[in-house]
$ cat model-v6.txt   # compact mmCIF, C-alpha atoms
# COMPACT_ATOMS: atom_id res chain seq x y z
CA MET A 1 13.46 -20.96 17.24
CA ALA A 2 10.67 -18.52 18.05
CA PHE A 3 7.78 -18.15 15.65
CA LYS A 4 5.30 -15.35 15.34
CA LYS A 5 1.73 -16.52 14.81
CA LEU A 6 -0.66 -14.15 13.04
CA LEU A 7 -4.29 -14.49 12.06
CA THR A 8 -6.03 -12.09 9.67
CA LYS A 9 -9.73 -11.67 9.07
CA THR A 10 -11.18 -9.55 6.28
CA MET A 11 -14.48 -7.70 6.12
CA GLU A 12 -15.89 -5.18 3.66
CA PHE A 13 -17.89 -2.04 4.29
CA SER A 14 -19.08 0.90 2.25
CA ALA A 15 -18.99 4.50 3.39
CA SER A 16 -18.78 8.05 2.14
CA HIS A 17 -16.50 10.81 3.25
CA ARG A 18 -15.27 14.29 2.46
CA TYR A 19 -11.78 15.69 2.94
CA TRP A 20 -12.18 19.14 4.38
CA ASN A 21 -10.17 21.15 6.88
CA PRO A 22 -12.56 23.74 8.39
CA GLY A 23 -9.61 25.94 9.35
CA TRP A 24 -8.71 26.48 5.70
CA SER A 25 -10.26 28.51 2.88
CA GLU A 26 -12.25 26.76 0.17
CA GLU A 27 -9.39 27.42 -2.27
CA LYS A 28 -6.81 25.80 -0.01
CA ASN A 29 -9.05 22.77 0.63
CA LYS A 30 -9.54 22.31 -3.11
CA GLU A 31 -5.84 22.79 -3.76
CA VAL A 32 -4.77 20.19 -1.19
CA PHE A 33 -7.60 17.66 -1.42
CA GLY A 34 -8.72 18.07 -5.06
CA LYS A 35 -11.85 16.08 -5.93
CA SER A 36 -12.00 14.68 -2.40
CA ALA A 37 -13.11 18.13 -1.14
CA GLY A 38 -16.44 17.95 -3.03
CA PRO A 39 -19.25 19.39 -0.85
CA TYR A 40 -21.47 16.30 -0.77
CA GLY A 41 -18.81 13.64 -0.23
CA HIS A 42 -18.07 10.52 -2.23
CA GLY A 43 -17.86 6.85 -1.34
CA HIS A 44 -15.72 3.74 -1.40
CA ASN A 45 -16.02 0.03 -0.86
CA TYR A 46 -13.45 -0.44 1.87
CA THR A 47 -11.83 -3.72 2.79
CA LEU A 48 -10.68 -4.05 6.37
CA GLU A 49 -8.10 -6.60 7.46
CA VAL A 50 -7.61 -7.14 11.17
CA THR A 51 -4.50 -9.12 12.14
CA VAL A 52 -4.02 -10.51 15.64
CA GLU A 53 -0.95 -12.14 17.12
CA GLY A 54 -0.79 -14.66 19.91
CA GLU A 55 -0.14 -18.22 20.92
CA VAL A 56 -2.06 -21.15 19.45
CA ASP A 57 -4.25 -22.58 22.20
CA LYS A 58 -3.39 -26.25 22.73
CA GLU A 59 -7.01 -27.31 23.20
CA THR A 60 -8.71 -25.33 20.43
CA GLY A 61 -5.83 -25.01 17.98
CA MET A 62 -6.73 -21.33 17.63
CA ILE A 63 -5.12 -17.94 18.32
CA ILE A 64 -8.60 -16.45 18.62
CA ASN A 65 -12.02 -17.90 17.96
CA LEU A 66 -12.84 -16.65 14.45
CA TYR A 67 -16.52 -16.42 15.31
CA ASP A 68 -15.70 -14.06 18.21
CA LEU A 69 -13.44 -11.93 15.99
CA LYS A 70 -16.17 -11.81 13.31
CA GLU A 71 -18.72 -10.60 15.88
CA ILE A 72 -16.32 -7.91 17.15
CA MET A 73 -15.63 -6.71 13.59
CA LYS A 74 -19.33 -6.64 12.70
CA GLU A 75 -20.09 -4.64 15.84
CA VAL A 76 -17.31 -2.13 15.13
CA LEU A 77 -18.29 -1.76 11.47
CA ASN A 78 -21.87 -0.85 12.43
CA ASP A 79 -20.56 2.69 12.97
CA PHE A 80 -18.83 2.77 9.57
CA ASP A 81 -20.86 0.71 7.10
CA HIS A 82 -23.30 2.69 4.95
CA LYS A 83 -22.48 5.85 6.84
CA ASN A 84 -21.29 9.30 5.89
CA LEU A 85 -18.22 9.24 8.12
CA ASN A 86 -18.02 13.03 8.51
CA GLU A 87 -21.68 13.35 9.49
CA ASP A 88 -22.61 10.05 11.09
CA ASN A 89 -19.54 8.94 13.03
CA PRO A 90 -18.66 11.21 15.98
CA ARG A 91 -15.02 10.14 15.85
CA PHE A 92 -14.67 12.19 12.66
CA LYS A 93 -16.28 15.38 13.88
CA GLU A 94 -12.84 16.93 14.25
CA LEU A 95 -10.73 14.40 12.37
CA ILE A 96 -10.62 14.21 8.58
CA PRO A 97 -11.71 10.68 7.59
CA THR A 98 -8.71 9.93 5.40
CA THR A 99 -7.76 6.29 5.01
CA GLU A 100 -4.89 6.97 7.42
CA ASN A 101 -7.19 8.37 10.09
CA ILE A 102 -9.84 5.67 9.64
CA ALA A 103 -7.12 3.04 10.12
CA ARG A 104 -5.88 4.86 13.24
CA VAL A 105 -9.39 5.09 14.71
CA MET A 106 -9.98 1.42 13.96
CA TRP A 107 -6.64 0.53 15.57
CA ASP A 108 -7.73 2.27 18.78
CA ILE A 109 -11.12 0.54 18.79
CA PHE A 110 -9.83 -2.97 18.07
CA ASP A 111 -6.83 -2.58 20.37
CA GLU A 112 -9.20 -1.68 23.22
CA LYS A 113 -11.62 -4.50 22.44
CA LEU A 114 -8.89 -7.12 22.09
CA SER A 115 -7.06 -5.92 25.21
CA LYS A 116 -9.67 -7.92 27.15
CA SER A 117 -8.43 -11.09 25.50
CA LEU A 118 -5.77 -13.03 27.33
CA SER A 119 -4.76 -15.08 24.33
CA CYS A 120 -3.98 -12.47 21.69
CA ARG A 121 -3.41 -8.83 20.92
CA LEU A 122 -3.91 -6.63 17.88
CA HIS A 123 -0.98 -6.72 15.48
CA ARG A 124 -2.08 -4.70 12.46
CA VAL A 125 -5.03 -2.93 10.88
CA ARG A 126 -4.86 -2.81 7.10
CA LEU A 127 -7.50 -0.74 5.35
CA TYR A 128 -8.00 -0.80 1.59
CA GLU A 129 -9.81 2.23 0.21
CA THR A 130 -9.59 0.73 -3.28
CA ALA A 131 -7.70 -2.26 -4.65
CA ASP A 132 -4.86 0.14 -5.47
CA LEU A 133 -4.55 1.89 -2.12
CA TYR A 134 -4.18 0.68 1.44
CA VAL A 135 -2.93 1.94 4.78
CA ASP A 136 -1.30 -0.15 7.49
CA TYR A 137 -1.45 0.85 11.12
CA ARG A 138 0.56 -1.45 13.31
CA ARG A 139 2.58 -1.93 16.42
CA VAL A 140 6.32 -1.38 16.21
CA GLU A 141 8.32 -3.35 18.73
CA GLN A 142 10.67 -1.05 20.62
CA MET B 143 3.53 3.03 12.64
CA VAL B 144 1.48 4.18 9.65
CA THR B 145 2.25 3.26 6.07
CA LEU B 146 0.33 3.95 2.90
CA THR B 147 0.68 1.71 -0.13
CA ARG B 148 -0.40 2.69 -3.60
CA ALA B 149 -0.39 0.49 -6.71
CA TYR B 150 0.26 1.65 -10.27
CA ARG B 151 0.47 -0.15 -13.58
CA PHE B 152 2.45 0.24 -16.74
CA SER B 153 3.05 -1.91 -19.79
CA ALA B 154 6.39 -2.31 -21.47
CA ALA B 155 8.49 -4.59 -23.64
CA HIS B 156 12.01 -5.79 -23.00
CA ARG B 157 14.63 -8.27 -24.07
CA LEU B 158 17.16 -9.69 -21.66
CA TYR B 159 20.54 -10.21 -23.32
CA ILE B 160 24.23 -9.53 -22.89
CA LYS B 161 25.56 -7.59 -25.86
CA ASN B 162 28.85 -9.39 -26.37
CA LEU B 163 27.36 -12.88 -26.19
CA SER B 164 25.85 -14.83 -29.08
CA ASP B 165 22.08 -15.32 -29.41
CA GLU B 166 22.60 -18.98 -28.42
CA GLU B 167 24.49 -18.09 -25.25
CA ASN B 168 21.89 -15.48 -24.36
CA GLU B 169 19.13 -18.01 -24.82
CA ARG B 170 21.00 -20.42 -22.53
CA ILE B 171 21.18 -17.74 -19.81
CA PHE B 172 17.87 -15.91 -20.24
CA ASN B 173 15.75 -18.57 -21.96
CA SER B 174 12.66 -17.16 -23.68
CA CYS B 175 13.38 -13.73 -22.15
CA SER B 176 16.14 -13.27 -24.72
CA ASN B 177 13.78 -13.62 -27.67
CA VAL B 178 15.37 -11.41 -30.33
CA HIS B 179 12.32 -9.27 -30.93
CA GLY B 180 11.48 -8.77 -27.26
CA HIS B 181 8.31 -9.49 -25.32
CA GLY B 182 6.14 -7.52 -22.90
CA HIS B 183 4.43 -7.44 -19.52
CA ASP B 184 1.77 -5.52 -17.68
CA TYR B 185 3.80 -4.43 -14.69
CA SER B 186 2.30 -3.58 -11.33
CA VAL B 187 4.31 -1.29 -9.07
CA GLN B 188 3.51 -0.84 -5.39
CA ILE B 189 4.92 2.19 -3.62
CA LYS B 190 4.89 2.22 0.19
CA VAL B 191 5.46 5.41 2.16
CA SER B 192 5.65 5.72 5.94
CA GLY B 193 5.51 8.59 8.37
CA GLU B 194 3.32 10.47 10.80
CA ILE B 195 -0.26 11.49 9.98
CA ASP B 196 -0.22 15.26 9.35
CA PRO B 197 -2.79 16.70 11.79
CA GLU B 198 -3.97 19.31 9.28
CA THR B 199 -4.53 17.02 6.31
CA GLY B 200 -5.03 13.64 7.99
CA MET B 201 -2.53 12.24 5.50
CA VAL B 202 0.88 10.59 5.58
CA VAL B 203 1.47 11.80 2.04
CA ASN B 204 -0.62 13.90 -0.32
CA LEU B 205 -2.05 11.32 -2.73
CA GLU B 206 -2.31 13.72 -5.65
CA GLU B 207 1.37 14.58 -5.26
CA LEU B 208 2.33 10.91 -4.89
CA ASP B 209 0.29 10.03 -7.99
CA SER B 210 1.79 12.86 -9.97
CA LEU B 211 5.35 11.92 -8.99
CA SER B 212 4.83 8.19 -9.56
CA GLU B 213 3.05 8.66 -12.86
CA LYS B 214 5.88 10.90 -14.05
CA VAL B 215 8.47 8.22 -13.23
CA LEU B 216 6.43 5.28 -14.55
CA GLY B 217 5.22 7.30 -17.54
CA GLY B 218 8.81 7.22 -18.75
CA LEU B 219 8.54 3.42 -18.96
CA ASP B 220 4.96 2.96 -20.14
CA HIS B 221 4.54 1.54 -23.64
CA LYS B 222 8.29 1.57 -24.23
CA ARG B 223 10.77 -1.05 -25.32
CA LEU B 224 12.92 -0.61 -22.23
CA ASP B 225 16.29 -1.83 -23.51
CA ILE B 226 16.05 0.32 -26.65
CA GLU B 227 14.07 3.43 -25.70
CA VAL B 228 15.02 4.08 -22.06
CA PRO B 229 18.69 5.09 -21.64
CA TYR B 230 19.00 3.58 -18.12
CA PHE B 231 18.01 0.15 -19.45
CA ILE B 232 20.35 0.36 -22.39
CA GLU B 233 23.09 0.36 -19.74
CA ASN B 234 21.35 -1.93 -17.23
CA GLN B 235 19.48 -5.21 -17.79
CA PRO B 236 15.72 -4.39 -17.88
CA THR B 237 14.84 -7.01 -15.24
CA SER B 238 12.19 -6.30 -12.62
CA GLU B 239 15.00 -6.11 -10.04
CA ASN B 240 16.58 -3.23 -11.94
CA ILE B 241 13.20 -1.62 -12.65
CA ALA B 242 12.55 -1.62 -8.87
CA LYS B 243 15.91 0.12 -8.27
CA TYR B 244 15.22 2.59 -11.12
CA VAL B 245 11.85 3.52 -9.62
CA TRP B 246 13.26 3.69 -6.06
CA ASP B 247 16.10 6.05 -7.07
CA ARG B 248 13.76 8.44 -8.87
CA LEU B 249 11.03 8.45 -6.22
CA LYS B 250 13.60 8.90 -3.46
CA GLU B 251 14.46 12.35 -4.86
CA GLY B 252 10.87 13.52 -4.34
CA LEU B 253 9.79 11.48 -1.31
CA GLY B 254 13.00 11.35 0.74
CA GLU B 255 12.90 9.41 3.99
CA SER B 256 9.17 8.67 3.69
CA LEU B 257 9.74 6.17 0.86
CA ALA B 258 9.61 2.73 2.52
CA TYR B 259 9.72 0.31 -0.39
CA VAL B 260 9.09 -0.34 -4.06
CA ARG B 261 7.62 -3.64 -5.22
CA VAL B 262 7.56 -4.53 -8.91
CA SER B 263 5.40 -7.39 -10.21
CA GLU B 264 6.16 -8.56 -13.70
CA THR B 265 3.34 -11.10 -13.58
CA LYS B 266 1.02 -12.05 -10.77
CA ASN B 267 3.32 -14.96 -9.97
CA SER B 268 6.44 -13.04 -9.03
CA TYR B 269 7.47 -9.74 -7.54
CA PHE B 270 10.66 -7.97 -6.59
CA GLU B 271 11.12 -5.59 -3.70
CA TYR B 272 13.64 -2.82 -3.19
CA PHE B 273 14.14 -0.98 0.10
CA GLU B 274 16.72 0.12 2.58
CA GLU B 275 17.09 -2.45 5.33
CA ALA B 276 16.84 0.26 7.99
CA SER B 277 13.45 1.41 6.69
CA CYS B 278 12.02 -2.10 6.64
CA PRO B 279 11.81 -3.37 10.22
CA ASP B 280 9.78 -6.54 9.60
CA GLU B 281 7.13 -8.34 7.57
CA TYR B 282 6.66 -6.04 4.62

$ encode --input "model-v6.txt" --output "C-alpha cells"
Amino acid sequence: MAFKKLLTKTMEFSASHRYWNPGWSEEKNKEVFGKSAGPYGHGHNYTLEVTVEGEVDKETGMIINLYDLKEIMKEVLNDFDHKNLNEDNPRFKELIPTTENIARVMWDIFDEKLSKSLSCRLHRVRLYETADLYVDYRRVEQ
Amino acid sequence: MVTLTRAYRFSAAHRLYIKNLSDEENERIFNSCSNVHGHGHDYSVQIKVSGEIDPETGMVVNLEELDSLSEKVLGGLDHKRLDIEVPYFIENQPTSENIAKYVWDRLKEGLGESLAYVRVSETKNSYFEYFEEASCPDEY
C-alpha cells in the first residue's frame, strides 16, 4: 500500500491591503468590494500553513528539516509581515491582494524555493485571513 | 487548484425521534438526543467553493455575495427548533447529516458548480461533510 506523507508548518503575519481595481470606477469598486475598497486599507492577522510532501529520510526520520522550512518561511514572510501589500510588495502592484491572490503568489514563491530540494515538494498553501476564512492553493494530480 | 473556505455559525434546538415509536423506543435509538423537550447546539458550518481566480476581482467568489447567500440559508435555521419550526426537518430527521444536505441543496442553487463541500459541526468533537464525489478529488 502506498502512503502519502505530508508535513505542515504554520506561521503568522500581519499585513494591510485594499481591494481596488484601477480599471473600474469608484462606484463599481465599492459595489463589488464593499468595505474592502476603503482608501487607506485595512489589516488582518494572517495564518499561513505550508504543506510539503515527500519521503521520510531513513537517516533523519524527516521529510524536510523543520528548521530549514522555518527559515524559508521567515525569509518569504519578510515581504509580507507588517507591510501594506498594495504599496510595499511589488508582486501586488498589478494584482489585487485578495486572500486568493496572496495564496497564489505564496505558492509560486514556495514552489520555486522548494524545487531545489531533492527530498520534498510543495503540496499545499493554506492561508487564513481570519479564523473563519481560508484559501487553499494546491497541486492537482493529473 | 484554488478553494476558498468560509465558516458560519448558527444556534438551534432539535429533538431526534421517530413519530410512530414510543418515547422509550426513541430513547433506545437516539439516547439523550430524543429528550422530549429538545436540546440545542451552536453549529458551525464550513462552506468550500472552488474555481479559477477572476482576473478582474482577484476572487474565486465574491465574499459579500457568499455571505449574503449563506446567511440567508442559515438564517432560516438560526434560533429555531428545527423539527417543529422548519418544514424540511418536520419531514426529515434534524441530524447534522441532514442539515449538511439541506444547506448543500440550497447553496447549490446559487453557487452551482463552484460549491465544493459543506461541513457541519454540531460540537467541536464531530463534523459531517456533504459533497459530490466528483468535486472532491482528495484530502478535503

$ atom_distance --input "model-v6.txt" --atom1 "CA of Val228 (chain B)" --atom2 "CA of Gly252 (chain B)"
20.5 Å

$ closest_residue --input "model-v6.txt" --among "B:Ser192, B:Ser210, B:Asn162, B:Ser176" --to "Gly254 (chain B)" --atoms "only C-alpha atoms"
B:Ser192

$ closest_residue --input "model-v6.txt" --among "A:Asp68, A:Lys93, A:Arg121, A:Ala103" --to "Asp136 (chain A)" --atoms "all atoms listed in the file"
A:Ala103

$ atom_distance --input "model-v6.txt" --atom1 "CA of Val178 (chain B)" --atom2 "CA of Glu166 (chain B)"
10.6 Å

$ atom_distance --input "model-v6.txt" --atom1 "CA of Gly217 (chain B)" --atom2 "CA of Asn177 (chain B)"
24.8 Å

$ residues_around --input "model-v6.txt" --residues "Lys190 (chain B)" --least-positions-apart "6" --cutoff "12 Å" --atoms "all atoms listed in the file" --output "PDB file with C-alpha atoms, keeping the file's coordinate frame"
ATOM      1  CA  ASP A 132      -4.860   0.140  -5.470  1.00  0.00           C
ATOM      2  CA  LEU A 133      -4.550   1.890  -2.120  1.00  0.00           C
ATOM      3  CA  TYR A 134      -4.180   0.680   1.440  1.00  0.00           C
ATOM      4  CA  VAL A 135      -2.930   1.940   4.780  1.00  0.00           C
ATOM      5  CA  ASP A 136      -1.300  -0.150   7.490  1.00  0.00           C
TER       6      ASP A 136
ATOM      7  CA  VAL B 144       1.480   4.180   9.650  1.00  0.00           C
ATOM      8  CA  THR B 145       2.250   3.260   6.070  1.00  0.00           C
ATOM      9  CA  LEU B 146       0.330   3.950   2.900  1.00  0.00           C
ATOM     10  CA  THR B 147       0.680   1.710  -0.130  1.00  0.00           C
ATOM     11  CA  ARG B 148      -0.400   2.690  -3.600  1.00  0.00           C
ATOM     12  CA  ALA B 149      -0.390   0.490  -6.710  1.00  0.00           C
ATOM     13  CA  TYR B 150       0.260   1.650 -10.270  1.00  0.00           C
ATOM     14  CA  VAL B 202       0.880  10.590   5.580  1.00  0.00           C
ATOM     15  CA  VAL B 203       1.470  11.800   2.040  1.00  0.00           C
ATOM     16  CA  LEU B 205      -2.050  11.320  -2.730  1.00  0.00           C
ATOM     17  CA  LEU B 208       2.330  10.910  -4.890  1.00  0.00           C
ATOM     18  CA  SER B 212       4.830   8.190  -9.560  1.00  0.00           C
ATOM     19  CA  TRP B 246      13.260   3.690  -6.060  1.00  0.00           C
ATOM     20  CA  LEU B 249      11.030   8.450  -6.220  1.00  0.00           C
ATOM     21  CA  LYS B 250      13.600   8.900  -3.460  1.00  0.00           C
ATOM     22  CA  LEU B 253       9.790  11.480  -1.310  1.00  0.00           C
ATOM     23  CA  GLU B 255      12.900   9.410   3.990  1.00  0.00           C
ATOM     24  CA  SER B 256       9.170   8.670   3.690  1.00  0.00           C
ATOM     25  CA  LEU B 257       9.740   6.170   0.860  1.00  0.00           C
ATOM     26  CA  ALA B 258       9.610   2.730   2.520  1.00  0.00           C
ATOM     27  CA  TYR B 259       9.720   0.310  -0.390  1.00  0.00           C
ATOM     28  CA  VAL B 260       9.090  -0.340  -4.060  1.00  0.00           C
ATOM     29  CA  ARG B 261       7.620  -3.640  -5.220  1.00  0.00           C
ATOM     30  CA  VAL B 262       7.560  -4.530  -8.910  1.00  0.00           C
ATOM     31  CA  GLU B 271      11.120  -5.590  -3.700  1.00  0.00           C
ATOM     32  CA  TYR B 272      13.640  -2.820  -3.190  1.00  0.00           C
ATOM     33  CA  PHE B 273      14.140  -0.980   0.100  1.00  0.00           C
ATOM     34  CA  SER B 277      13.450   1.410   6.690  1.00  0.00           C
ATOM     35  CA  CYS B 278      12.020  -2.100   6.640  1.00  0.00           C
ATOM     36  CA  TYR B 282       6.660  -6.040   4.620  1.00  0.00           C
TER      37      TYR B 282
END

$ residues_around --input "model-v6.txt" --residues "region 231-233 of chain B" --least-positions-apart "5" --cutoff "12 Å" --atoms "only C-alpha atoms" --output "short mmCIF file (atom, residue, chain, number, x, y, z; two decimals) with C-alpha atoms, in the frame of the given file"
data_model
loop_
_atom_site.label_atom_id
_atom_site.label_comp_id
_atom_site.auth_asym_id
_atom_site.auth_seq_id
_atom_site.Cartn_x
_atom_site.Cartn_y
_atom_site.Cartn_z
CA ALA B 155 8.49 -4.59 -23.64
CA HIS B 156 12.01 -5.79 -23.00
CA ARG B 157 14.63 -8.27 -24.07
CA LEU B 158 17.16 -9.69 -21.66
CA TYR B 159 20.54 -10.21 -23.32
CA ILE B 160 24.23 -9.53 -22.89
CA LYS B 161 25.56 -7.59 -25.86
CA GLY B 218 8.81 7.22 -18.75
CA LEU B 219 8.54 3.42 -18.96
CA LYS B 222 8.29 1.57 -24.23
CA ARG B 223 10.77 -1.05 -25.32
CA LEU B 224 12.92 -0.61 -22.23
CA ASP B 225 16.29 -1.83 -23.51
CA ILE B 226 16.05 0.32 -26.65
CA SER B 238 12.19 -6.30 -12.62
CA GLU B 239 15.00 -6.11 -10.04
CA ASN B 240 16.58 -3.23 -11.94
CA ILE B 241 13.20 -1.62 -12.65
CA LYS B 243 15.91 0.12 -8.27
CA TYR B 244 15.22 2.59 -11.12
#

$ interface_residues --input "model-v6.txt" --of "chain A" --to "chain B" --cutoff "8 Å" --atoms "all atoms listed in the file" --output "list in words"
Asn21, Val32, Phe33, Gly34, Leu95, Ile96, Pro97, Thr98, Thr99, Glu100, Asn101, Asp132, Leu133, Tyr134, Val135, Asp136, Tyr137, Arg138, Arg139 and Val140 of chain A

$ axis_aligned_box --input "model-v6.txt" --around "region 177-189 of chain B" --padding-each-side "4 Å" --output "JSON"
{"center_x": 8.6, "center_y": -5.7, "center_z": -17.3, "size_x": 21.6, "size_y": 23.8, "size_z": 35.3}

$ closest_residue --input "model-v6.txt" --among "A:Ala2, A:Met106, A:Leu127, A:Leu122" --to "Glu53 (chain A)" --atoms "all atoms listed in the file"
A:Leu122

$ closest_residue --input "model-v6.txt" --among "A:Glu129, A:Glu87, A:Glu71, A:Glu49" --to "Lys113 (chain A)" --atoms "only C-alpha atoms"
A:Glu71

$ residues_near_point --input "model-v6.txt" --point "(1.7, -6.2, -15.7)" --cutoff "7 Å" --atoms "only C-alpha atoms" --output "count of residues only"
10

$ closest_residue --input "model-v6.txt" --among "A:Asp111, A:Glu12, A:Glu94, A:Glu26" --to "Arg124 (chain A)" --atoms "only C-alpha atoms"
A:Asp111

$ closest_residue --input "model-v6.txt" --among "A:Val56, A:Leu69, A:Lys116, A:Asn89" --to "Phe3 (chain A)" --atoms "all atoms listed in the file"
A:Val56

$ decode --input "model-v6.txt" --residues "region 230-259 of chain B" --atoms "N, CA and C atoms" --output "PDB file, in the first residue's frame"
ATOM      1  N   TYR B 230     -38.703  21.457   6.437  1.00  0.00           N
ATOM      2  CA  TYR B 230     -37.857  20.370   5.919  1.00  0.00           C
ATOM      3  C   TYR B 230     -37.536  19.361   7.021  1.00  0.00           C
ATOM      4  N   PHE B 231     -37.343  19.867   8.251  1.00  0.00           N
ATOM      5  CA  PHE B 231     -36.939  18.982   9.342  1.00  0.00           C
ATOM      6  C   PHE B 231     -38.135  18.434  10.120  1.00  0.00           C
ATOM      7  N   ILE B 232     -39.327  18.822   9.704  1.00  0.00           N
ATOM      8  CA  ILE B 232     -40.506  18.115  10.193  1.00  0.00           C
ATOM      9  C   ILE B 232     -40.585  16.791   9.426  1.00  0.00           C
ATOM     10  N   GLU B 233     -40.171  16.841   8.148  1.00  0.00           N
ATOM     11  CA  GLU B 233     -40.201  15.650   7.289  1.00  0.00           C
ATOM     12  C   GLU B 233     -38.932  14.807   7.423  1.00  0.00           C
ATOM     13  N   ASN B 234     -37.811  15.464   7.728  1.00  0.00           N
ATOM     14  CA  ASN B 234     -36.519  14.767   7.780  1.00  0.00           C
ATOM     15  C   ASN B 234     -35.876  14.956   9.144  1.00  0.00           C
ATOM     16  N   GLN B 235     -35.266  13.894   9.657  1.00  0.00           N
ATOM     17  CA  GLN B 235     -34.601  13.933  10.964  1.00  0.00           C
ATOM     18  C   GLN B 235     -33.588  15.095  11.015  1.00  0.00           C
ATOM     19  N   PRO B 236     -33.669  15.973  12.033  1.00  0.00           N
ATOM     20  CA  PRO B 236     -32.762  17.128  12.073  1.00  0.00           C
ATOM     21  C   PRO B 236     -31.367  16.764  12.589  1.00  0.00           C
ATOM     22  N   THR B 237     -30.764  15.757  11.987  1.00  0.00           N
ATOM     23  CA  THR B 237     -29.375  15.392  12.315  1.00  0.00           C
ATOM     24  C   THR B 237     -28.427  16.324  11.563  1.00  0.00           C
ATOM     25  N   SER B 238     -27.182  16.336  11.955  1.00  0.00           N
ATOM     26  CA  SER B 238     -26.202  17.172  11.237  1.00  0.00           C
ATOM     27  C   SER B 238     -26.014  16.667   9.812  1.00  0.00           C
ATOM     28  N   GLU B 239     -26.160  15.353   9.602  1.00  0.00           N
ATOM     29  CA  GLU B 239     -26.066  14.816   8.237  1.00  0.00           C
ATOM     30  C   GLU B 239     -27.129  15.473   7.345  1.00  0.00           C
ATOM     31  N   ASN B 240     -28.366  15.507   7.862  1.00  0.00           N
ATOM     32  CA  ASN B 240     -29.440  16.091   7.057  1.00  0.00           C
ATOM     33  C   ASN B 240     -29.331  17.614   6.961  1.00  0.00           C
ATOM     34  N   ILE B 241     -28.789  18.243   8.005  1.00  0.00           N
ATOM     35  CA  ILE B 241     -28.575  19.697   7.923  1.00  0.00           C
ATOM     36  C   ILE B 241     -27.557  19.989   6.820  1.00  0.00           C
ATOM     37  N   ALA B 242     -26.504  19.157   6.733  1.00  0.00           N
ATOM     38  CA  ALA B 242     -25.484  19.359   5.689  1.00  0.00           C
ATOM     39  C   ALA B 242     -26.121  19.245   4.304  1.00  0.00           C
ATOM     40  N   LYS B 243     -26.998  18.255   4.119  1.00  0.00           N
ATOM     41  CA  LYS B 243     -27.669  18.097   2.818  1.00  0.00           C
ATOM     42  C   LYS B 243     -28.600  19.284   2.539  1.00  0.00           C
ATOM     43  N   TYR B 244     -29.328  19.720   3.582  1.00  0.00           N
ATOM     44  CA  TYR B 244     -30.239  20.863   3.452  1.00  0.00           C
ATOM     45  C   TYR B 244     -29.482  22.108   2.977  1.00  0.00           C
ATOM     46  N   VAL B 245     -28.330  22.357   3.628  1.00  0.00           N
ATOM     47  CA  VAL B 245     -27.535  23.539   3.279  1.00  0.00           C
ATOM     48  C   VAL B 245     -26.967  23.379   1.863  1.00  0.00           C
ATOM     49  N   TRP B 246     -26.435  22.192   1.575  1.00  0.00           N
ATOM     50  CA  TRP B 246     -25.873  21.930   0.228  1.00  0.00           C
ATOM     51  C   TRP B 246     -26.911  22.225  -0.858  1.00  0.00           C
ATOM     52  N   ASP B 247     -28.117  21.647  -0.710  1.00  0.00           N
ATOM     53  CA  ASP B 247     -29.140  21.784  -1.751  1.00  0.00           C
ATOM     54  C   ASP B 247     -29.503  23.244  -1.991  1.00  0.00           C
ATOM     55  N   ARG B 248     -29.555  24.026  -0.914  1.00  0.00           N
ATOM     56  CA  ARG B 248     -29.958  25.437  -1.064  1.00  0.00           C
ATOM     57  C   ARG B 248     -28.818  26.316  -1.596  1.00  0.00           C
ATOM     58  N   LEU B 249     -27.593  26.004  -1.177  1.00  0.00           N
ATOM     59  CA  LEU B 249     -26.462  26.791  -1.697  1.00  0.00           C
ATOM     60  C   LEU B 249     -26.177  26.450  -3.150  1.00  0.00           C
ATOM     61  N   LYS B 250     -26.446  25.204  -3.514  1.00  0.00           N
ATOM     62  CA  LYS B 250     -26.156  24.740  -4.876  1.00  0.00           C
ATOM     63  C   LYS B 250     -26.924  25.579  -5.901  1.00  0.00           C
ATOM     64  N   GLU B 251     -28.146  25.993  -5.528  1.00  0.00           N
ATOM     65  CA  GLU B 251     -28.960  26.798  -6.449  1.00  0.00           C
ATOM     66  C   GLU B 251     -28.256  28.103  -6.800  1.00  0.00           C
ATOM     67  N   GLY B 252     -27.572  28.707  -5.793  1.00  0.00           N
ATOM     68  CA  GLY B 252     -26.922  29.992  -6.031  1.00  0.00           C
ATOM     69  C   GLY B 252     -25.484  29.860  -6.498  1.00  0.00           C
ATOM     70  N   LEU B 253     -24.791  28.810  -6.066  1.00  0.00           N
ATOM     71  CA  LEU B 253     -23.344  28.709  -6.328  1.00  0.00           C
ATOM     72  C   LEU B 253     -23.015  27.776  -7.483  1.00  0.00           C
ATOM     73  N   GLY B 254     -23.934  26.889  -7.820  1.00  0.00           N
ATOM     74  CA  GLY B 254     -23.708  25.970  -8.937  1.00  0.00           C
ATOM     75  C   GLY B 254     -22.484  25.097  -8.742  1.00  0.00           C
ATOM     76  N   GLU B 255     -21.727  24.952  -9.836  1.00  0.00           N
ATOM     77  CA  GLU B 255     -20.589  24.028  -9.849  1.00  0.00           C
ATOM     78  C   GLU B 255     -19.475  24.442  -8.894  1.00  0.00           C
ATOM     79  N   SER B 256     -19.460  25.731  -8.481  1.00  0.00           N
ATOM     80  CA  SER B 256     -18.343  26.173  -7.642  1.00  0.00           C
ATOM     81  C   SER B 256     -18.446  25.633  -6.208  1.00  0.00           C
ATOM     82  N   LEU B 257     -19.637  25.196  -5.805  1.00  0.00           N
ATOM     83  CA  LEU B 257     -19.764  24.651  -4.444  1.00  0.00           C
ATOM     84  C   LEU B 257     -19.024  23.321  -4.361  1.00  0.00           C
ATOM     85  N   ALA B 258     -18.032  23.242  -3.443  1.00  0.00           N
ATOM     86  CA  ALA B 258     -17.211  22.025  -3.357  1.00  0.00           C
ATOM     87  C   ALA B 258     -17.639  21.130  -2.202  1.00  0.00           C
ATOM     88  N   TYR B 259     -17.924  21.717  -1.057  1.00  0.00           N
ATOM     89  CA  TYR B 259     -18.453  20.892   0.031  1.00  0.00           C
ATOM     90  C   TYR B 259     -19.047  21.712   1.144  1.00  0.00           C
TER      91      TYR B 259
END
